[in-house]
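Okay, structure34.cif now, which holds mmCIF, C-alpha atoms:
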data_input
loop_
_atom_site.label_atom_id
_atom_site.label_comp_id
_atom_site.auth_asym_id
_atom_site.auth_seq_id
_atom_site.Cartn_x
_atom_site.Cartn_y
_atom_site.Cartn_z
CA MET A 1 38.48 218.68 47.20
CA VAL A 2 42.12 217.56 46.86
CA LYS A 3 42.99 214.17 48.12
CA THR A 4 46.43 213.46 49.51
CA ASN A 5 48.08 210.15 49.66
CA PRO A 6 48.84 209.23 53.29
CA ASN A 7 51.84 207.10 52.19
CA PHE A 8 53.52 210.07 50.53
CA GLU A 9 56.18 211.62 52.76
CA ARG A 10 57.85 214.85 52.05
CA PHE A 11 61.67 214.61 51.79
CA ARG A 12 63.97 217.51 52.48
CA ALA A 13 66.96 217.78 50.15
CA PHE A 14 69.92 220.15 49.93
CA THR A 15 69.62 222.98 47.50
CA LEU A 16 72.26 223.58 44.88
CA ILE A 17 73.34 226.75 46.70
CA GLU A 18 73.92 224.83 49.96
CA VAL A 19 76.04 222.20 48.19
CA ILE A 20 78.14 224.87 46.46
CA VAL A 21 78.70 226.75 49.73
CA VAL A 22 79.92 223.57 51.46
CA MET A 23 82.26 222.79 48.55
CA VAL A 24 83.71 226.33 48.68
CA ILE A 25 84.32 226.03 52.45
CA ILE A 26 86.09 222.67 51.97
CA ALA A 27 88.25 224.15 49.18
CA ILE A 28 89.26 227.11 51.38
CA MET A 29 90.18 224.75 54.23
CA ALA A 30 92.30 222.62 51.87
CA VAL A 31 94.16 225.67 50.54
CA VAL A 32 94.90 226.83 54.09
CA ALA A 33 96.06 223.36 55.23
CA LEU A 34 98.28 222.58 52.22
CA PRO A 35 101.30 224.71 53.27
CA THR A 36 101.16 223.10 56.71
CA PHE A 37 101.46 219.62 55.24
CA SER A 38 104.38 220.64 53.03
CA ASN A 39 106.30 221.91 56.10
CA ILE A 40 105.91 218.69 58.09
CA ASN A 41 109.24 217.18 56.96
CA SER A 42 111.04 220.43 57.67
CA SER A 43 109.49 220.54 61.15
CA ARG A 44 110.46 216.92 61.77
CA ALA A 45 114.03 217.67 60.66
CA GLY A 46 114.19 220.62 63.05
CA VAL A 47 113.05 218.45 65.95
CA ALA A 48 115.52 215.70 64.96
CA ALA A 49 118.39 218.23 64.74
CA ARG A 50 117.59 219.57 68.21
CA MET A 51 117.43 215.99 69.54
CA ILE A 52 120.88 215.25 68.07
CA ALA A 53 122.28 218.45 69.60
CA ARG A 54 120.72 217.51 72.94
CA ASP A 55 122.23 214.02 72.83
CA LEU A 56 125.66 215.38 71.85
CA THR A 57 125.42 217.76 74.81
CA TYR A 58 124.42 214.85 77.06
CA ALA A 59 127.47 212.84 75.89
CA ARG A 60 129.75 215.83 76.52
CA GLU A 61 128.32 216.52 79.98
CA ARG A 62 128.46 212.83 80.89
CA ALA A 63 132.14 212.70 79.93
CA ILE A 64 132.83 215.72 82.15
CA ALA A 65 130.81 214.31 85.06
CA THR A 66 132.27 210.79 84.97
CA GLY A 67 135.77 211.53 83.69
CA THR A 68 135.25 208.77 81.11
CA ARG A 69 135.36 209.49 77.39
CA THR A 70 131.88 209.28 75.84
CA TRP A 71 131.33 208.70 72.12
CA VAL A 72 128.49 209.44 69.69
CA VAL A 73 128.68 207.23 66.60
CA PHE A 74 126.62 208.20 63.53
CA SER A 75 125.57 205.83 60.72
CA ALA A 76 124.11 207.42 57.60
CA GLY A 77 123.43 203.93 56.21
CA THR A 78 121.01 203.03 59.01
CA ASN A 79 119.96 206.64 59.78
CA SER A 80 120.91 206.16 63.40
CA TYR A 81 123.39 207.13 66.08
CA SER A 82 124.51 205.54 69.33
CA VAL A 83 125.96 206.94 72.54
CA LEU A 84 128.81 204.86 73.96
CA SER A 85 131.14 204.99 76.94
CA GLU A 86 134.74 203.85 77.05
CA ASN A 87 135.65 201.00 79.34
CA SER A 88 138.24 202.19 81.88
CA ALA A 89 139.94 198.77 81.76
CA SER A 90 140.23 199.00 77.97
CA PRO A 91 140.38 202.69 76.98
CA GLY A 92 139.72 203.78 73.43
CA ARG A 93 136.78 203.85 71.06
CA VAL A 94 137.13 200.14 70.19
CA GLY A 95 136.36 199.05 73.76
CA ALA A 96 133.41 201.43 74.18
CA THR A 97 129.96 200.00 74.92
CA THR A 98 126.52 201.41 74.24
CA LEU A 99 125.02 203.28 77.18
CA THR A 100 121.54 202.69 78.54
CA ASP A 101 119.12 205.42 77.45
CA PRO A 102 118.79 207.88 80.38
CA ASN A 103 115.01 208.27 79.84
CA GLY A 104 114.41 205.23 82.07
CA SER A 105 113.35 202.83 79.33
CA GLY A 106 116.24 200.46 80.04
CA LYS A 107 117.00 200.21 76.32
CA SER A 108 120.30 200.89 74.59
CA PHE A 109 120.97 204.54 73.79
CA VAL A 110 120.42 204.26 70.03
CA GLN A 111 118.30 206.76 68.09
CA TYR A 112 116.81 205.94 64.68
CA LEU A 113 115.65 208.53 62.15
CA ASN A 114 113.46 208.07 59.04
CA THR A 115 110.88 206.18 61.09
CA GLY A 116 107.99 207.06 63.40
CA ASP A 117 108.08 210.72 64.46
CA TYR A 118 111.12 211.26 62.24
CA ALA A 119 109.76 209.71 59.01
CA GLY A 120 111.28 211.43 55.99
CA VAL A 121 114.32 212.72 57.92
CA THR A 122 117.64 211.07 57.08
CA ILE A 123 121.26 211.61 58.06
CA THR A 124 122.98 212.65 54.84
CA GLY A 125 126.39 213.04 56.42
CA ALA A 126 128.31 213.10 59.69
CA THR A 127 131.87 214.39 59.57
CA PHE A 128 134.17 214.75 62.55
CA GLY A 129 137.66 215.04 61.12
CA SER A 130 138.26 211.74 59.37
CA GLY A 131 135.23 209.80 60.58
CA SER A 132 131.57 209.82 61.51
CA GLU A 133 131.97 209.65 65.27
CA VAL A 134 132.88 212.11 67.97
CA GLY A 135 134.20 211.51 71.47
CA PHE A 136 134.34 213.89 74.42
CA ASP A 137 137.05 213.78 77.10
CA TRP A 138 136.88 214.69 80.79
CA VAL A 139 136.92 218.45 79.99
CA GLY A 140 134.37 218.20 77.16
CA LYS A 141 136.88 218.54 74.33
CA PRO A 142 135.80 216.71 71.15
CA TYR A 143 137.90 214.05 69.40
CA ASN A 144 137.54 212.24 66.07
CA SER A 145 137.56 208.46 65.55
CA SER A 146 141.40 208.45 65.59
CA SER A 147 141.33 210.00 69.10
CA THR A 148 142.76 213.23 67.69
CA ALA A 149 141.32 216.51 68.99
CA LEU A 150 139.07 218.21 66.44
CA THR A 151 140.74 221.18 64.77
CA ALA A 152 137.65 222.17 62.76
CA ALA A 153 133.95 221.99 63.54
CA GLY A 154 132.31 218.59 63.14
CA THR A 155 128.91 218.44 61.44
CA VAL A 156 125.85 216.24 61.13
CA THR A 157 123.63 217.09 58.15
CA LEU A 158 119.98 216.06 57.85
CA SER A 159 118.11 215.69 54.56
CA ALA A 160 114.77 217.37 55.16
CA GLY A 161 114.86 221.09 55.85
CA SER A 162 118.65 221.29 55.36
CA TYR A 163 119.40 221.28 59.08
CA THR A 164 122.98 220.98 60.32
CA VAL A 165 124.25 220.22 63.82
CA THR A 166 127.72 221.64 64.41
CA VAL A 167 130.15 220.64 67.18
CA GLN A 168 132.71 223.32 68.02
CA PRO A 169 136.33 222.08 67.96
CA THR A 170 137.64 223.41 71.29
CA THR A 171 134.59 223.54 73.51
CA GLY A 172 132.50 220.68 72.10
CA LEU A 173 129.37 222.81 72.17
CA ALA A 174 126.62 221.60 69.82
CA LYS A 175 124.62 224.12 67.78
CA VAL A 176 121.71 223.69 65.31
CA THR A 177 121.48 225.77 62.14
CA PRO A 178 118.60 225.56 59.66
#

Take the structure in the file and give it back as structure tokens.
Amino acid sequence: MVKTNPNFERFRAFTLIEVIVVMVIIAIMAVVALPTFSNINSSRAGVAARMIARDLTYARERAIATGTRTWVVFSAGTNSYSVLSENSASPGRVGATTLTDPNGSGKSFVQYLNTGDYAGVTITGATFGSGSEVGFDWVGKPYNSSSTALTAAGTVTLSAGSYTVTVQPTTGLAKVTP
């Protein structure tokens, strides 16, 4: 007769095969996910470029609708841009004031990159003739910081993904190219 110890409990453990199978599945998932993580900055840059093009289009359309010159001022140093409107009592870029963001937040219309949803995306350059700002007149025509009509396309270049936003010289239309 075999006696058993009532205090002895049987424990179930994983077999070596089960552990290896789980490790193989985790390795496959990591290999599949790795390219996705490497494309995140490029995706963020694409979204940022489309946002810039949208805001340039907004500034152009606002200038046409109100008959007041609207400016977009880029700063590579702070990775930001602002949308401003000229004061009719004091025309010119110098007298322009920052607009309120049209999304209803009540905040100034200033967009920052390289933070939050746009982490890793920086403005490497913004060139509109001789400066880093562009204004649109009552017919949507773009001007540089000297209030001279653009004769060549203006560009905003982003670091990640090599995205460029181009503003056409005569029409002021904004276009994104990867």

Which residues, written as a compact mmCIF listing (two decimals) with C-alpha atoms, keeping the file's coordinate frame, have at least one atom at most 9 Å from A:Gly131, with all atoms listed in the file counted and residues fewer than 5 positions away on the same chain left out?
# COMPACT_ATOMS: atom_id res chain seq x y z
CA ALA A 126 128.31 213.10 59.69
CA ASN A 144 137.54 212.24 66.07
CA SER A 145 137.56 208.46 65.55
CA SER A 146 141.40 208.45 65.59

Report as a PyMOL selection string the residues that result from applying the PyMOL selection byres ((chain A and resi 75) around 9) to the structure here. chain A and resi 73-74+76-82+123+125-126+132-133

Between atom CA of A:Gly116 and atom CA of A:Leu56, what is the distance, to one decimal in Å?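 About the pair atom CA of A:Gly116 and atom CA of A:Leu56: they are 21.3 Å apart.
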
Considering only C-alpha atoms, state which residue in the set A:Lys175, A:Asn87, A:Trp71, A:Gly104 is at the smallest distance from A:Pro142.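 Closest candidate: A:Trp71.
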
Compare A:Ile25, A:Thr151, A:Val83, A:Ser90 by their minimum atom-to-atom distance to A:Ser108, counting all atoms listed in the file, and give me the closest one.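 Ranking A:Ile25, A:Thr151, A:Val83, A:Ser90 by distance to A:Ser108, first place goes to A:Val83.
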
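Atom pair atom CA of A:Pro169 / atom CA of A:Leu113 has a distance of 25.4 Å (rounded to one decimal).
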
Residues picked by the PyMOL selection byres ((chain A and resi 51) around 12) here, as a ChimeraX atom specification? /A:44-50,52-58,81,111-113,117-118,156,158,163-165,174-176

Just how far from atom CA of A:Ser159 is atom CA of A:Val121, in Å to one decimal?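 Taking atom CA of A:Val121 and atom CA of A:Ser159, their separation equals 5.9 Å.
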
Just the residues within 8 Å of A:Thr97, please, counting all atoms listed in the file, with nothing from its chain fewer than 5 positions along; format it as a PyMOL selection string. chain A and resi 84-87

Please return, as a PyMOL selection string, all polymer residues that have at least one atom within 7 Å of the point (131.5, 209.9, 77.3); use all atoms listed in the file and the file's own coordinate frame. chain A and resi 59-60+62-63+68-71+84-86+135-137

Which residue out of A:Thr127, A:Thr115, A:Thr66, A:Ser147 has the minimum interatomic distance to A:Pro91 when only C-alpha atoms are used?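 Checking each of A:Thr127, A:Thr115, A:Thr66, A:Ser147 against A:Pro91, counting only C-alpha atoms, the winner is A:Ser147.
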
Assuming the input is short of atoms at stretch 121-145 of chain A, produce N, CA, C and O atoms for that part as a PDB file, keeping the file's coordinate frame.
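Saved as result.pdb:
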ATOM      1  N   VAL A 121     113.100 212.013  57.515  1.00  0.00           N
ATOM      2  CA  VAL A 121     114.320 212.720  57.920  1.00  0.00           C
ATOM      3  C   VAL A 121     115.465 211.711  57.931  1.00  0.00           C
ATOM      4  O   VAL A 121     115.400 210.703  58.626  1.00  0.00           O
ATOM      5  N   THR A 122     116.497 211.979  57.144  1.00  0.00           N
ATOM      6  CA  THR A 122     117.640 211.070  57.080  1.00  0.00           C
ATOM      7  C   THR A 122     118.930 211.814  57.393  1.00  0.00           C
ATOM      8  O   THR A 122     119.016 213.030  57.224  1.00  0.00           O
ATOM      9  N   ILE A 123     119.927 211.066  57.837  1.00  0.00           N
ATOM     10  CA  ILE A 123     121.260 211.610  58.060  1.00  0.00           C
ATOM     11  C   ILE A 123     121.987 211.514  56.719  1.00  0.00           C
ATOM     12  O   ILE A 123     122.238 210.425  56.223  1.00  0.00           O
ATOM     13  N   THR A 124     122.287 212.661  56.126  1.00  0.00           N
ATOM     14  CA  THR A 124     122.980 212.650  54.840  1.00  0.00           C
ATOM     15  C   THR A 124     124.487 212.661  55.009  1.00  0.00           C
ATOM     16  O   THR A 124     125.210 212.330  54.082  1.00  0.00           O
ATOM     17  N   GLY A 125     124.953 213.038  56.182  1.00  0.00           N
ATOM     18  CA  GLY A 125     126.390 213.040  56.420  1.00  0.00           C
ATOM     19  C   GLY A 125     126.706 213.374  57.857  1.00  0.00           C
ATOM     20  O   GLY A 125     125.974 214.115  58.512  1.00  0.00           O
ATOM     21  N   ALA A 126     127.783 212.791  58.364  1.00  0.00           N
ATOM     22  CA  ALA A 126     128.310 213.100  59.690  1.00  0.00           C
ATOM     23  C   ALA A 126     129.822 213.104  59.549  1.00  0.00           C
ATOM     24  O   ALA A 126     130.421 212.083  59.220  1.00  0.00           O
ATOM     25  N   THR A 127     130.436 214.260  59.766  1.00  0.00           N
ATOM     26  CA  THR A 127     131.870 214.390  59.570  1.00  0.00           C
ATOM     27  C   THR A 127     132.512 215.026  60.793  1.00  0.00           C
ATOM     28  O   THR A 127     132.194 216.162  61.157  1.00  0.00           O
ATOM     29  N   PHE A 128     133.390 214.268  61.412  1.00  0.00           N
ATOM     30  CA  PHE A 128     134.170 214.750  62.550  1.00  0.00           C
ATOM     31  C   PHE A 128     135.627 214.416  62.242  1.00  0.00           C
ATOM     32  O   PHE A 128     136.109 213.327  62.573  1.00  0.00           O
ATOM     33  N   GLY A 129     136.292 215.325  61.560  1.00  0.00           N
ATOM     34  CA  GLY A 129     137.660 215.040  61.120  1.00  0.00           C
ATOM     35  C   GLY A 129     137.619 213.970  60.044  1.00  0.00           C
ATOM     36  O   GLY A 129     137.063 214.164  58.975  1.00  0.00           O
ATOM     37  N   SER A 130     138.162 212.797  60.368  1.00  0.00           N
ATOM     38  CA  SER A 130     138.260 211.740  59.370  1.00  0.00           C
ATOM     39  C   SER A 130     137.177 210.671  59.500  1.00  0.00           C
ATOM     40  O   SER A 130     137.197 209.687  58.779  1.00  0.00           O
ATOM     41  N   GLY A 131     136.242 210.838  60.402  1.00  0.00           N
ATOM     42  CA  GLY A 131     135.230 209.800  60.580  1.00  0.00           C
ATOM     43  C   GLY A 131     133.860 210.347  60.889  1.00  0.00           C
ATOM     44  O   GLY A 131     133.620 211.556  60.832  1.00  0.00           O
ATOM     45  N   SER A 132     132.963 209.433  61.237  1.00  0.00           N
ATOM     46  CA  SER A 132     131.570 209.820  61.510  1.00  0.00           C
ATOM     47  C   SER A 132     131.222 209.639  62.983  1.00  0.00           C
ATOM     48  O   SER A 132     130.087 209.381  63.322  1.00  0.00           O
ATOM     49  N   GLU A 133     132.216 209.763  63.837  1.00  0.00           N
ATOM     50  CA  GLU A 133     131.970 209.650  65.270  1.00  0.00           C
ATOM     51  C   GLU A 133     132.762 210.720  66.009  1.00  0.00           C
ATOM     52  O   GLU A 133     133.792 211.182  65.536  1.00  0.00           O
ATOM     53  N   VAL A 134     132.232 211.093  67.160  1.00  0.00           N
ATOM     54  CA  VAL A 134     132.880 212.110  67.970  1.00  0.00           C
ATOM     55  C   VAL A 134     132.909 211.638  69.417  1.00  0.00           C
ATOM     56  O   VAL A 134     131.936 211.064  69.906  1.00  0.00           O
ATOM     57  N   GLY A 135     134.050 211.859  70.061  1.00  0.00           N
ATOM     58  CA  GLY A 135     134.200 211.510  71.470  1.00  0.00           C
ATOM     59  C   GLY A 135     134.501 212.758  72.274  1.00  0.00           C
ATOM     60  O   GLY A 135     135.094 213.717  71.769  1.00  0.00           O
ATOM     61  N   PHE A 136     134.093 212.749  73.531  1.00  0.00           N
ATOM     62  CA  PHE A 136     134.340 213.890  74.420  1.00  0.00           C
ATOM     63  C   PHE A 136     135.169 213.402  75.603  1.00  0.00           C
ATOM     64  O   PHE A 136     134.875 212.358  76.184  1.00  0.00           O
ATOM     65  N   ASP A 137     136.219 214.179  75.971  1.00  0.00           N
ATOM     66  CA  ASP A 137     137.050 213.780  77.100  1.00  0.00           C
ATOM     67  C   ASP A 137     136.539 214.405  78.397  1.00  0.00           C
ATOM     68  O   ASP A 137     135.475 215.031  78.413  1.00  0.00           O
ATOM     69  N   TRP A 138     137.310 214.267  79.459  1.00  0.00           N
ATOM     70  CA  TRP A 138     136.880 214.690  80.790  1.00  0.00           C
ATOM     71  C   TRP A 138     136.677 216.194  80.932  1.00  0.00           C
ATOM     72  O   TRP A 138     136.065 216.650  81.893  1.00  0.00           O
ATOM     73  N   VAL A 139     137.180 217.008  79.961  1.00  0.00           N
ATOM     74  CA  VAL A 139     136.920 218.450  79.990  1.00  0.00           C
ATOM     75  C   VAL A 139     135.936 218.872  78.900  1.00  0.00           C
ATOM     76  O   VAL A 139     135.701 220.052  78.697  1.00  0.00           O
ATOM     77  N   GLY A 140     135.358 217.902  78.185  1.00  0.00           N
ATOM     78  CA  GLY A 140     134.370 218.200  77.160  1.00  0.00           C
ATOM     79  C   GLY A 140     134.940 218.487  75.793  1.00  0.00           C
ATOM     80  O   GLY A 140     134.216 218.892  74.884  1.00  0.00           O
ATOM     81  N   LYS A 141     136.232 218.285  75.614  1.00  0.00           N
ATOM     82  CA  LYS A 141     136.880 218.540  74.330  1.00  0.00           C
ATOM     83  C   LYS A 141     136.540 217.410  73.366  1.00  0.00           C
ATOM     84  O   LYS A 141     136.632 216.245  73.720  1.00  0.00           O
ATOM     85  N   PRO A 142     136.172 217.743  72.113  1.00  0.00           N
ATOM     86  CA  PRO A 142     135.800 216.710  71.150  1.00  0.00           C
ATOM     87  C   PRO A 142     136.995 216.101  70.414  1.00  0.00           C
ATOM     88  O   PRO A 142     137.971 216.791  70.126  1.00  0.00           O
ATOM     89  N   TYR A 143     136.868 214.810  70.109  1.00  0.00           N
ATOM     90  CA  TYR A 143     137.900 214.050  69.400  1.00  0.00           C
ATOM     91  C   TYR A 143     137.258 213.298  68.241  1.00  0.00           C
ATOM     92  O   TYR A 143     136.088 212.929  68.303  1.00  0.00           O
ATOM     93  N   ASN A 144     138.049 213.027  67.193  1.00  0.00           N
ATOM     94  CA  ASN A 144     137.540 212.240  66.070  1.00  0.00           C
ATOM     95  C   ASN A 144     137.783 210.754  66.329  1.00  0.00           C
ATOM     96  O   ASN A 144     138.286 210.370  67.389  1.00  0.00           O
ATOM     97  N   SER A 145     137.457 209.916  65.378  1.00  0.00           N
ATOM     98  CA  SER A 145     137.560 208.460  65.550  1.00  0.00           C
ATOM     99  C   SER A 145     138.986 207.982  65.762  1.00  0.00           C
ATOM    100  O   SER A 145     139.206 206.899  66.283  1.00  0.00           O
TER     101      SER A 145
END
